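J.: For reference, this is entry09.txt, and it has compact mmCIF, C-alpha atoms and all ligand atoms.
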# COMPACT_ATOMS: atom_id res chain seq x y z
CA MET A 309 -4.95 9.15 -28.72
CA ALA A 310 -3.25 12.32 -27.60
CA TRP A 311 -2.07 12.27 -24.03
CA SER A 312 -0.90 15.36 -22.29
CA VAL A 313 1.67 15.32 -19.57
CA VAL A 314 0.17 16.50 -16.35
CA SER A 315 1.65 17.52 -13.09
CA LEU A 316 -0.35 16.95 -9.96
CA LEU A 317 2.47 17.69 -7.57
CA GLY A 318 1.76 20.76 -5.53
CA CYS A 319 3.94 22.25 -2.83
CA LEU A 320 3.17 25.90 -2.62
CA VAL A 321 3.97 27.14 0.83
CA LEU A 322 7.74 26.82 1.04
CA ILE A 323 8.00 30.14 2.83
CA TRP A 324 6.78 28.38 5.99
CA ALA A 325 10.18 26.73 6.26
CA ILE A 326 11.96 29.86 7.41
CA PRO A 327 10.56 30.47 10.92
CA TRP A 328 9.85 26.84 11.70
CA LEU A 329 13.25 25.44 10.88
CA ASP A 330 14.89 27.60 13.53
CA LEU A 331 16.41 25.02 15.85
CA ARG A 332 17.52 27.43 18.57
CA ARG A 333 14.46 26.73 20.64
CA SER A 334 15.07 23.00 20.62
CA ARG A 335 14.98 21.43 24.02
CA PRO A 336 16.68 18.20 24.92
CA GLN A 337 14.38 15.19 24.86
CA THR A 338 12.88 14.35 28.21
CA ASN A 339 11.31 11.17 29.36
CA SER A 340 9.47 12.13 32.49
CA ARG A 341 5.87 13.16 32.55
CA ASP A 342 6.68 16.04 34.90
CA SER A 343 9.21 17.54 32.50
CA PHE A 344 6.72 17.32 29.69
CA ARG A 345 4.12 19.12 31.76
CA GLU A 346 6.63 21.77 32.84
CA ASN A 347 7.22 22.51 29.18
CA LEU A 348 3.51 22.57 28.56
CA SER A 349 2.94 24.98 31.44
CA GLU A 350 5.15 27.53 29.68
CA ARG A 351 2.29 27.94 27.26
CA PRO A 352 -0.77 30.04 28.09
CA THR A 353 -3.43 28.17 29.98
CA LEU A 354 -6.40 27.65 27.75
CA ARG A 355 -9.97 27.08 28.65
CA LEU A 356 -11.89 25.18 26.03
CA ARG A 357 -15.00 26.83 24.71
CA SER A 358 -16.63 23.44 24.76
CA GLY A 359 -15.73 23.16 28.43
CA LEU A 360 -13.23 21.13 30.38
CA VAL A 361 -13.93 17.51 31.13
CA SER A 362 -13.58 16.58 34.77
CA VAL A 363 -13.72 12.83 34.26
CA GLU A 364 -11.74 10.85 31.70
CA PRO A 365 -14.10 10.27 28.77
CA GLN A 366 -15.19 6.83 27.60
CA ILE A 367 -14.71 6.44 23.87
CA ARG A 368 -16.99 4.35 21.64
CA VAL A 369 -15.13 2.58 18.87
CA GLY A 370 -16.97 0.84 16.03
CA LEU A 371 -15.18 -2.46 15.45
CA LYS A 372 -16.62 -2.88 11.94
CA GLU A 373 -16.95 -0.20 9.27
CA SER A 374 -20.65 -1.01 8.98
CA PRO A 375 -23.05 -3.50 10.59
CA VAL A 376 -22.25 -7.14 9.71
CA ALA A 377 -24.34 -10.31 9.34
CA ALA A 378 -22.42 -12.00 12.18
CA PHE A 379 -19.14 -12.03 14.13
CA ASN A 380 -17.40 -14.33 16.60
CA LEU A 381 -17.49 -13.50 20.30
CA SER A 382 -15.77 -15.14 23.26
CA VAL A 383 -15.00 -14.09 26.83
CA SER A 384 -12.03 -15.57 28.68
CA GLY A 385 -13.41 -15.07 32.21
CA PRO A 386 -16.54 -14.23 34.22
CA PHE A 387 -18.90 -11.81 32.49
CA GLN A 388 -22.40 -10.40 32.33
CA VAL A 389 -24.65 -9.54 29.41
CA CYS A 390 -26.86 -6.55 30.22
CA ASP A 391 -29.69 -4.77 28.45
CA LEU A 392 -28.05 -1.53 27.30
CA THR A 393 -31.16 0.57 27.89
CA THR A 394 -32.25 -0.69 31.30
CA GLY A 395 -28.97 -2.12 32.64
CA ARG A 396 -30.83 -5.30 33.58
CA VAL A 397 -28.60 -8.37 33.74
CA LEU A 398 -29.79 -10.82 31.08
CA TRP A 399 -27.16 -13.51 31.57
CA GLN A 400 -23.99 -14.15 33.49
CA ALA A 401 -21.48 -16.97 33.25
CA LYS A 402 -17.87 -17.85 34.05
CA LEU A 403 -16.70 -18.18 30.47
CA LEU A 404 -17.96 -17.88 26.93
CA HIS A 405 -16.52 -20.16 24.29
CA SER A 406 -16.40 -18.71 20.79
CA CYS A 407 -19.90 -18.32 19.36
CA ARG A 408 -21.54 -16.57 16.44
CA VAL A 409 -23.40 -13.36 17.25
CA PHE A 410 -26.19 -12.43 14.85
CA VAL A 411 -29.76 -11.16 14.69
CA GLY A 412 -32.30 -13.97 14.52
CA ASP A 413 -36.05 -14.12 14.96
CA GLY A 414 -35.65 -13.39 18.67
CA GLY A 415 -33.32 -10.43 18.26
CA ILE A 416 -29.63 -10.64 19.14
CA GLU A 417 -28.44 -14.22 19.58
CA PHE A 418 -25.17 -15.63 20.91
CA GLY A 419 -25.19 -19.06 19.31
CA ASP A 420 -28.56 -20.45 20.47
CA ARG A 421 -29.06 -17.99 23.36
CA ARG A 422 -31.48 -15.13 22.64
CA PHE A 423 -31.44 -11.66 24.20
CA GLY A 424 -34.37 -9.81 22.61
CA THR A 425 -34.54 -6.95 20.17
CA GLY A 426 -32.60 -4.24 22.03
CA ALA A 427 -28.88 -3.54 22.22
CA VAL A 428 -26.85 -5.45 24.81
CA GLU A 429 -23.57 -4.83 26.61
CA VAL A 430 -21.00 -7.52 27.42
CA ILE A 431 -19.13 -6.69 30.65
CA ALA A 432 -16.14 -8.78 31.69
CA THR A 433 -15.31 -8.92 35.41
CA THR A 434 -11.58 -8.54 34.73
CA PRO A 435 -10.91 -6.90 31.37
CA PRO A 436 -9.29 -7.33 28.93
CA ALA A 437 -11.24 -10.54 28.38
CA ILE A 438 -13.62 -9.98 25.45
CA TRP A 439 -12.65 -11.24 21.99
CA VAL A 440 -14.44 -10.00 18.88
CA ASP A 441 -13.24 -12.11 15.97
CA GLN A 442 -9.44 -12.00 16.10
CA THR A 443 -9.02 -9.16 18.63
CA LEU A 444 -9.03 -8.98 22.43
CA TYR A 445 -10.40 -5.73 23.88
CA ARG A 446 -10.24 -3.80 27.11
CA GLY A 447 -13.44 -2.22 28.38
CA VAL A 448 -16.89 -3.48 27.41
CA VAL A 449 -18.42 -4.43 24.08
CA ARG A 450 -21.83 -3.18 23.08
CA ILE A 451 -23.78 -5.02 20.41
CA SER A 452 -26.52 -3.18 18.56
CA PRO A 453 -28.96 -4.65 16.07
CA ALA A 454 -29.11 -2.84 12.73
CA ALA A 455 -31.31 -2.89 9.64
CA GLY A 456 -31.31 -6.03 7.53
CA ARG A 457 -30.68 -8.38 10.45
CA ARG A 458 -27.21 -7.07 11.01
CA VAL A 459 -25.19 -6.37 14.14
CA LEU A 460 -22.59 -3.78 15.05
CA PRO A 461 -20.05 -4.43 17.82
CA VAL A 462 -18.75 -1.32 19.57
CA ASN A 463 -15.90 -1.29 22.10
CA VAL A 464 -16.38 1.23 24.92
CA LEU A 465 -13.33 2.00 27.07
CA PRO A 466 -11.51 4.85 28.81
CA LEU A 467 -9.93 7.24 26.31
CA GLU A 468 -6.36 6.88 27.59
CA GLN A 469 -6.50 3.08 27.38
CA TYR A 470 -7.78 3.37 23.83
CA LEU A 471 -4.90 5.73 22.97
CA ALA A 472 -2.27 3.27 24.25
CA SER A 473 -3.37 0.93 21.48
CA VAL A 474 -3.74 3.68 18.86
CA VAL A 475 -0.15 4.88 19.41
CA ASP A 476 1.27 1.39 18.77
CA SER A 477 -1.21 0.72 15.95
CA GLU A 478 -0.41 3.97 14.17
CA MET A 479 3.33 4.40 14.81
CA PRO A 480 6.14 1.83 15.16
CA ALA A 481 7.66 1.43 18.63
CA SER A 482 11.05 2.09 16.98
CA PHE A 483 10.10 5.73 16.30
CA PRO A 484 11.58 8.30 18.72
CA GLU A 485 9.68 8.99 21.92
CA GLU A 486 8.92 12.64 21.08
CA ALA A 487 7.37 11.59 17.76
CA ARG A 488 5.20 9.06 19.63
CA ARG A 489 4.18 11.70 22.15
CA ALA A 490 3.15 13.98 19.30
CA GLN A 491 1.20 11.03 17.88
CA ALA A 492 -0.54 10.50 21.23
CA ILE A 493 -1.55 14.18 21.43
CA VAL A 494 -2.82 14.21 17.86
CA ALA A 495 -4.74 10.94 18.29
CA ARG A 496 -6.31 12.24 21.53
CA THR A 497 -7.31 15.50 19.85
CA TYR A 498 -8.76 13.62 16.88
CA ALA A 499 -10.73 11.23 19.09
CA LEU A 500 -12.17 13.95 21.34
CA TYR A 501 -13.09 16.04 18.31
CA GLN A 502 -14.91 13.07 16.76
CA GLN A 503 -16.67 12.43 20.05
CA SER A 504 -17.74 16.07 20.25
CA ARG A 505 -19.33 15.68 16.81
CA SER A 506 -21.06 12.36 17.39
CA SER A 507 -24.51 12.25 18.87
CA ALA A 508 -24.93 10.94 22.39
CA GLY A 509 -27.77 8.75 21.14
CA GLY A 510 -25.65 7.33 18.32
CA ALA A 511 -23.83 4.03 18.61
CA LEU A 512 -20.21 5.16 18.18
CA ASP A 513 -17.71 8.01 18.12
CA LEU A 514 -15.19 6.64 15.62
CA TYR A 515 -14.01 3.50 13.85
CA ALA A 516 -11.15 1.11 14.63
CA SER A 517 -9.76 1.36 11.09
CA THR A 518 -7.96 4.05 9.10
CA ARG A 519 -11.40 5.44 8.36
CA SER A 520 -10.76 7.10 11.75
CA GLN A 521 -7.47 5.93 13.24
CA LYS A 522 -6.02 2.45 13.61
CA TYR A 523 -6.92 0.66 16.86
CA ARG A 524 -5.82 -2.95 17.28
CA GLY A 525 -7.19 -3.46 20.76
CA PHE A 526 -5.18 -5.11 23.54
CA GLN A 527 -4.02 -8.13 21.53
CA TYR A 528 -4.85 -9.55 18.14
CA ARG A 529 -4.18 -12.52 15.92
CA ASP A 530 -2.67 -11.86 12.51
CA ASP A 531 -3.48 -13.71 9.28
CA LYS A 532 -1.17 -16.57 10.32
CA GLY A 533 -2.82 -16.94 13.72
CA ARG A 534 0.08 -15.43 15.66
CA LEU A 535 -0.89 -13.55 18.82
CA LEU A 536 0.45 -9.98 18.69
CA ALA A 537 0.31 -7.07 21.12
CA GLY A 538 -2.02 -4.18 20.28
CA GLU A 539 -0.40 -2.01 22.94
CA SER A 540 2.83 -2.15 24.97
CA ALA A 541 4.49 -0.82 28.12
CA SER A 542 6.13 1.72 25.82
CA SER A 543 2.86 3.01 24.32
CA ARG A 544 1.21 3.10 27.74
CA ALA A 545 4.10 5.22 29.07
CA THR A 546 3.90 7.53 26.05
CA VAL A 547 0.19 8.08 26.58
CA GLU A 548 0.65 8.56 30.33
CA ALA A 549 3.35 11.20 29.72
CA THR A 550 0.88 13.23 27.66
CA ARG A 551 -2.27 12.35 29.62
CA GLY A 552 -5.06 14.80 28.85
CA VAL A 553 -2.93 16.97 26.54
CA ILE A 554 -4.80 18.03 23.41
CA GLY A 555 -4.38 20.41 20.49
CA THR A 556 -6.66 23.43 20.25
CA TYR A 557 -7.42 26.21 17.82
CA CYS A 558 -9.24 29.37 18.97
CA GLU A 559 -9.55 27.72 22.36
CA ASP A 560 -11.42 24.69 21.12
CA LEU A 561 -10.90 21.27 19.65
CA PHE A 562 -10.23 20.90 15.95
CA CYS A 563 -10.05 17.82 13.76
CA ALA A 564 -6.34 16.94 13.92
CA TYR A 565 -6.03 14.93 10.71
CA TYR A 566 -2.69 13.23 10.20
CA GLY A 567 -1.05 10.94 7.67
CA ALA A 568 1.80 8.49 7.17
CA VAL A 569 4.15 10.21 4.71
CA CYS A 570 3.52 13.60 3.12
CA GLY A 571 6.37 13.25 0.64
CA GLY A 572 7.74 16.80 0.69
CA CYS A 573 5.00 19.05 2.00
CA THR A 574 1.73 18.50 3.77
CA VAL A 575 -1.54 19.16 1.95
CA ASP A 576 -3.86 22.09 2.57
CA GLY A 577 -6.72 20.51 4.53
CA GLN A 578 -9.36 22.60 2.75
CA ALA A 579 -8.54 20.76 -0.48
CA VAL A 580 -9.46 17.42 1.09
CA PHE A 581 -11.75 17.82 4.11
CA ALA A 582 -14.81 20.04 4.46
CA ASP A 583 -14.20 20.47 8.19
CA ALA A 584 -10.51 21.39 7.89
CA ALA A 585 -9.62 24.08 10.45
CA PRO A 586 -7.05 26.83 9.67
CA PRO A 587 -4.12 24.95 11.32
CA LEU A 588 -4.41 22.30 8.60
CA GLN A 589 -2.23 24.31 6.26
CA SER A 590 0.37 23.04 3.86
CA VAL A 591 3.82 23.12 5.47
CA PRO A 592 7.12 21.97 3.94
CA CYS A 593 8.36 18.62 5.19
CA ASP A 594 11.30 16.76 3.79
CA HIS A 595 11.79 15.19 7.21
CA CYS A 596 10.00 12.08 5.95
CA ARG A 597 12.52 11.41 3.18
CA GLU A 598 13.65 8.13 4.77
CA ALA A 599 10.17 6.66 4.30
CA ARG A 600 9.91 4.05 1.57
CA LEU A 601 6.99 5.90 -0.02
CA TYR A 602 8.56 9.36 0.07
CA ARG A 603 8.73 8.93 -3.71
CA TRP A 604 7.16 6.10 -5.66
CA GLN A 605 6.12 5.14 -9.16
CA ILE A 606 3.70 2.66 -10.65
CA ARG A 607 3.09 1.62 -14.22
CA VAL A 608 -0.39 0.86 -15.53
CA SER A 609 -1.28 -0.04 -19.12
CA ARG A 610 -3.23 2.68 -20.89
CA LYS A 611 -6.07 0.30 -21.51
CA GLU A 612 -6.35 -0.66 -17.86
CA ALA A 613 -5.92 2.94 -16.69
CA GLU A 614 -8.73 4.07 -18.99
CA GLU A 615 -11.02 1.43 -17.49
CA LEU A 616 -10.14 2.58 -13.99
CA PHE A 617 -10.76 6.23 -14.90
CA ARG A 618 -14.16 5.12 -16.24
CA LYS A 619 -14.86 3.35 -12.97
CA ALA A 620 -14.00 6.50 -11.00
CA ALA A 621 -16.26 8.52 -13.31
CA ARG A 622 -19.14 6.05 -12.83
CA ARG A 623 -18.82 6.40 -9.07
CA LYS A 624 -19.55 10.09 -9.56
CA GLY A 625 -22.52 9.28 -11.79
CA LYS A 626 -20.62 10.40 -14.92
CA THR A 627 -19.84 8.62 -18.14
CA LEU A 628 -16.39 8.73 -19.69
CA GLY A 629 -16.15 7.81 -23.38
CA THR A 630 -12.82 7.44 -25.18
CA LEU A 631 -10.24 9.25 -23.14
CA ARG A 632 -8.31 11.86 -25.10
CA THR A 633 -6.42 14.01 -22.62
CA ILE A 634 -5.81 14.44 -18.91
CA GLN A 635 -5.08 17.85 -17.41
CA LEU A 636 -4.31 19.05 -13.95
CA VAL A 637 -6.75 21.39 -12.25
CA ARG A 638 -4.05 23.53 -10.78
CA ASP A 639 -5.85 25.21 -7.96
CA LYS A 640 -6.65 21.97 -6.18
CA VAL A 641 -4.06 19.44 -5.21
CA GLY A 642 -4.56 16.16 -7.02
CA ASP A 643 -7.64 17.10 -9.04
CA CYS A 644 -7.54 16.49 -12.77
CA ARG A 645 -9.69 16.96 -15.83
CA LEU A 646 -10.38 14.12 -18.28
CA ARG A 647 -11.52 14.92 -21.80
CA ASP A 648 -13.30 12.49 -24.08
CA GLU A 649 -14.96 12.88 -27.48
CA ARG A 650 -18.00 14.58 -25.94
CA GLY A 651 -16.61 16.86 -23.28
CA GLU A 652 -14.78 16.70 -20.01
CA ILE A 653 -15.21 15.57 -16.42
CA GLU A 654 -13.20 16.27 -13.31
CA LEU A 655 -11.87 13.74 -10.82
CA THR A 656 -10.08 14.52 -7.59
CA GLY A 657 -6.75 12.94 -6.78
CA ALA A 658 -8.53 11.13 -3.94
CA GLU A 659 -11.14 9.71 -6.32
CA ILE A 660 -8.41 8.52 -8.68
CA ARG A 661 -6.49 7.03 -5.77
CA GLN A 662 -9.53 5.00 -4.70
CA VAL A 663 -9.71 3.11 -7.98
CA PHE A 664 -5.93 2.82 -8.49
CA SER A 665 -5.09 1.88 -4.88
CA ASN A 666 -4.67 -1.82 -5.61
CA LYS A 667 -2.21 -0.85 -8.34
CA GLY A 668 -0.01 0.70 -5.65
CA LEU A 669 -1.09 4.33 -6.01
CA SER A 670 -0.32 5.44 -2.47
CA SER A 671 -1.44 9.06 -2.37
CA PRO A 672 -3.44 11.62 -4.36
CA ARG A 673 -0.23 13.52 -5.24
CA PHE A 674 1.30 12.31 -8.47
CA THR A 675 2.22 13.07 -12.08
CA ILE A 676 1.23 10.95 -15.06
CA ARG A 677 3.49 10.34 -18.05
CA GLU A 678 2.85 8.32 -21.15
CA GLN A 679 5.53 5.70 -21.68
CA GLY A 680 5.01 3.35 -24.61
CA THR A 681 1.72 1.57 -24.08
CA ASP A 682 1.75 2.38 -20.39
CA LEU A 683 1.04 5.28 -18.11
CA LEU A 684 3.69 6.00 -15.51
CA PHE A 685 2.42 7.47 -12.25
CA GLU A 686 5.15 9.12 -10.21
CA GLY A 687 4.05 10.25 -6.80
CA GLN A 688 4.96 11.39 -3.35
CA GLY A 689 3.91 10.17 0.06
CA HIS A 690 1.39 7.78 1.48
CA GLY A 691 -2.08 8.84 2.62
CA HIS A 692 -4.00 12.08 2.24
CA GLY A 693 -1.05 14.21 3.41
CA VAL A 694 -3.08 16.54 5.64
CA GLY A 695 -1.75 17.50 9.10
CA LEU A 696 1.03 15.80 11.04
CA CYS A 697 3.31 13.66 8.87
CA GLN A 698 4.18 10.58 10.95
CA TRP A 699 7.49 9.91 9.21
CA GLY A 700 8.22 13.63 9.32
CA ALA A 701 7.60 13.63 13.08
CA ARG A 702 10.15 10.80 13.28
CA GLY A 703 12.70 12.88 11.35
CA LEU A 704 12.13 15.97 13.49
CA ALA A 705 12.34 14.01 16.75
CA GLN A 706 15.65 12.55 15.57
CA LYS A 707 16.85 16.15 15.23
CA GLY A 708 15.91 16.79 18.86
CA TRP A 709 12.53 18.46 18.43
CA SER A 710 10.05 18.09 21.28
CA ALA A 711 6.53 16.71 20.85
CA GLN A 712 5.12 20.20 21.40
CA ARG A 713 7.30 21.71 18.74
CA ILE A 714 6.50 18.92 16.29
CA PHE A 715 2.80 19.45 16.97
CA THR A 716 2.85 23.20 16.39
CA TYR A 717 5.00 22.78 13.27
CA TYR A 718 2.37 20.62 11.57
CA TYR A 719 -0.61 22.64 12.86
CA PRO A 720 0.44 26.31 12.63
CA GLY A 721 -1.66 28.49 14.90
CA ALA A 722 -2.78 25.58 17.09
CA LYS A 723 -1.86 25.38 20.76
CA LEU A 724 -1.59 22.63 23.32
CA ALA A 725 -3.97 22.58 26.25
CA ASP A 726 -5.09 20.29 29.00
CA ALA A 727 -8.46 18.62 28.47
CA GLY A 728 -9.05 18.97 32.19
CA TYR A 729 -9.34 15.44 33.56
CA ARG A 730 -6.84 13.72 35.84
ZN ZN B 1 6.52 14.60 5.57
With the file now loaded, output its structure as structure tokens.
Ligand SMILES: [Zn+2]
T.:
Amino acid sequence: MAWSVVSLLGCLVLIWAIPWLDLRRSRPQTNSRDSFRENLSERPTLRLRSGLVSVEPQIRVGLKESPVAAFNLSVSGPFQVCDLTTGRVLWQAKLLHSCRVFVGDGGIEFGDRRFGTGAVEVIATTPPAIWVDQTLYRGVVRISPAAGRRVLPVNVLPLEQYLASVVDSEMPASFPEEARRAQAIVARTYALYQQSRSSAGGALDLYASTRSQKYRGFQYRDDKGRLLAGESASSRATVEATRGVIGTYCEDLFCAYYGAVCGGCTVDGQAVFADAAPPLQSVPCDHCREARLYRWQIRVSRKEAEELFRKAARRKGKTLGTLRTIQLVRDKVGDCRLRDERGEIELTGAEIRQVFSNKGLSSPRFTIREQGTDLLFEGQGHGHGVGLCQWGARGLAQKGWSAQRIFTYYYPGAKLADAGYR
């Protein structure tokens, strides 16, 4: 079998480094909300095309990636269960011990208590008090029946409270404050963009997992049963300091994708996401070099790799015979071309990553080398690599960059604005 060496590493826009690495405009780090807003006010005031929001939005977070057969629910204080459509109180009690929630013959059931066929809302008198499986949530929890006798729990809570958990869930508390402020702004922008795209009649705006952005609620129990904090005084202060601040492009929201470690340069968003706005350009970033996954390598036997390539091909509805060569498709980051005895098929780096992820393939940016009976994957970064690089934000903040400057570095052409609520 003839294997060709391929290079999937792409970092094409090095010229961006010149203007953006100018440190003369660095400002000292500040900790007060007022100072942050003074800095923000130096920028032009923007009015969103989609309109300002006068009241803090409520965000709807899907707690499962898809409807489930059942989940555990408990409430650690007084609560009501209401019909979501009519608001009618269906039940109220002082406490709810852990029970299974599922769809039975009588619609949604909590253990042996039935609530009919419509969606219901669980409202605690003093949140956070509602547990869904291993996580305690602020706000309310809506439960909607779905096809196939399944249920979907959705946490509905004020956006800024949600963000306090996202900041701690997405970025370690040990990261510098300005990096965490940039994270808060990006997460707020991402959430509001997703909400602007979701239908009002739909059940949710985004998911609690990395499918959207990580959200661990108020508290959660880990695999060993330890109770851990989903948010902290630190994350609440970070969110408060940036309250309402969002990123905009052409005076409107854009989808502010972000990732853990870009590994040398961020990825052009158009190569990965159909809705990538112009600020999602590739920019150089070696500021994440202290991350463990800045560079990585994994070894997979040829035989096993060929099976995994076949699996990726099948997912696209293609058939891969005996693999002969692999070649990079150079105009798209991470895409490659596999040739067998009959012809060739193309797989994106992301598609390859999906099937090799449990082998430790951390990003779609890698090279492949033949080494004995193995294939050696050598790669850079962790995640899709589009938009703000979290470890890069850490590096820049350590150099004294402000959250605003970090934000505009990773989203060239984007501006900060105030969403309009107080
Ligand atoms: Zn980076």
J.: Between A:Gly533, A:Gly657, A:Gly571, A:Gly703, single out the one closest to ligand ZN 1 (chain B), counting all atoms listed in the file.
T.: A:Gly571
J.: For Gln578 in chain A, which of A:Gly693, A:Gln400, A:Asp560, A:Cys390 is the closest residue, counting all atoms listed in the file?
T.: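 For Gln578 in chain A, the nearest of the given residues is A:Gly693.
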J.: What do you get as JSON, numbers by chain if you pick all residues at most 12 Å from ligand ZN 1 (chain B), counting only C-alpha atoms and all ligand atoms?
T.: {"A": [319, 566, 567, 568, 569, 570, 571, 572, 573, 574, 575, 590, 591, 592, 593, 594, 595, 596, 597, 598, 599, 600, 601, 602, 603, 688, 689, 690, 691, 692, 693, 694, 695, 696, 697, 698, 699, 700, 701, 702, 703, 704, 714, 717, 718]}
J.: Using the file's own x, y and z axes, so that the box edges lie along x, y and z, what centre and edge lengths in Å (one decimal) does a box around every listed atom of range 711-714 of chain A get when 3 Å is added on each side? Give it as JSON.
T.:
{"center_x": 6.2, "center_y": 19.2, "center_z": 18.8, "size_x": 8.2, "size_y": 11.0, "size_z": 11.1}
J.: One decimal, Å: what's the distance from CA of Asn380 in chain A over to CA of Tyr523 in chain A, could you say?
T.: 18.3 Å
J.: For Asp441 in chain A, list every protein, DNA or RNA residue within 9 Å, evaluated using all atoms listed in the file, and leave out those in the same chain fewer than 6 positions away; present the list as a list in words.
T.: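 Counting all atoms listed in the file, the residues come to Phe379, Asn380, Leu381, Ser382 and Ser406 of chain A.
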J.: Smallest atom-to-atom distance to Asp476 in chain A: which of A:Tyr445, A:Tyr719, A:Phe526, A:Trp439, using only C-alpha atoms?
T.: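 The closest residue to Asp476 in chain A is A:Phe526.
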J.: Hey, which of A:Glu614, A:Pro586, A:Tyr565, A:Arg645 ends up closest to Arg519 in chain A? Count all atoms listed in the file.
T.: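 The closest residue to Arg519 in chain A is A:Tyr565.
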J.: In Å, how far is it from CA of Cys563 in chain A to CA of Arg505 in chain A?
T.: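 Between these atoms lies a distance of 10.0 Å.
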J.: Counting only C-alpha atoms, which residues sit no farther than 8 Å from the position (-7.8, -1.8, 24.5) in the file's frame? I'd like them as number ranges by chain.
T.: A: 436, 444-447, 465, 469-470, 472-473, 524-527, 538-539
J.: What does the structure give for the distance between CA of Lys522 in chain A and CA of Glu478 in chain A, in Å to one decimal?
T.: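 One can read the CA of Lys522 in chain A to CA of Glu478 in chain A distance as 5.8 Å.
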J.: Select, counting only C-alpha atoms, all protein, DNA and RNA residues no farther than 10 Å from (4.4, 9.7, 22.6) in file coordinates, and express the selection as a ChimeraX atom specification.
T.: /A:339,472,475-476,479,481,483-494,542-550,711
J.: Identify, on the basis of all atoms listed in the file, every residue whose closest approach to Thr497 in chain A does not exceed 9 Å; exclude the query and any residue fewer than 2 positions from it along the same chain; express the result as a ChimeraX atom specification.
T.: /A:492-495,499-502,553-556,561-564
J.: For the selection you just gave me, I'd like the residues written to a file as a PDB file, in the frame of the given file, keeping C-alpha atoms.
T.:
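Dumped to selection.pdb:
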ATOM      1  CA  ALA A 492      -0.540  10.500  21.230  1.00  0.00           C
ATOM      2  CA  ILE A 493      -1.550  14.180  21.430  1.00  0.00           C
ATOM      3  CA  VAL A 494      -2.820  14.210  17.860  1.00  0.00           C
ATOM      4  CA  ALA A 495      -4.740  10.940  18.290  1.00  0.00           C
ATOM      5  CA  ALA A 499     -10.730  11.230  19.090  1.00  0.00           C
ATOM      6  CA  LEU A 500     -12.170  13.950  21.340  1.00  0.00           C
ATOM      7  CA  TYR A 501     -13.090  16.040  18.310  1.00  0.00           C
ATOM      8  CA  GLN A 502     -14.910  13.070  16.760  1.00  0.00           C
ATOM      9  CA  VAL A 553      -2.930  16.970  26.540  1.00  0.00           C
ATOM     10  CA  ILE A 554      -4.800  18.030  23.410  1.00  0.00           C
ATOM     11  CA  GLY A 555      -4.380  20.410  20.490  1.00  0.00           C
ATOM     12  CA  THR A 556      -6.660  23.430  20.250  1.00  0.00           C
ATOM     13  CA  LEU A 561     -10.900  21.270  19.650  1.00  0.00           C
ATOM     14  CA  PHE A 562     -10.230  20.900  15.950  1.00  0.00           C
ATOM     15  CA  CYS A 563     -10.050  17.820  13.760  1.00  0.00           C
ATOM     16  CA  ALA A 564      -6.340  16.940  13.920  1.00  0.00           C
TER      17      ALA A 564
END
J.: Determine, counting all atoms listed in the file, which protein, DNA and RNA residues have an atom within 12 Å of an atom of Arg622 in chain A; residues of the same chain fewer than 2 positions away are not included. Present the result as an MDAnalysis selection string.
T.: chainID A and resid 615:620 624:629 653:655 659:660 663
J.: Find the spatial neighbours of Pro375 in chain A, counting only C-alpha atoms, within a cut-off of 6 Å - ignore same-chain residues fewer than 4 positions away - and output them as a PyMOL selection string.
T.: chain A and resi 458-460
J.: Between A:Gln706, A:Gln388, A:Ser362, A:Gln521, which is the closest to Ile438 in chain A once you count all atoms listed in the file?
T.: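 Ranking A:Gln706, A:Gln388, A:Ser362, A:Gln521 by distance to Ile438 in chain A, first place goes to A:Gln388.
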J.: Between A:Val430, A:Ala377, A:Ile634, A:Ala454, which has the minimum distance to Val397 in chain A (counting only C-alpha atoms)?
T.: A:Val430
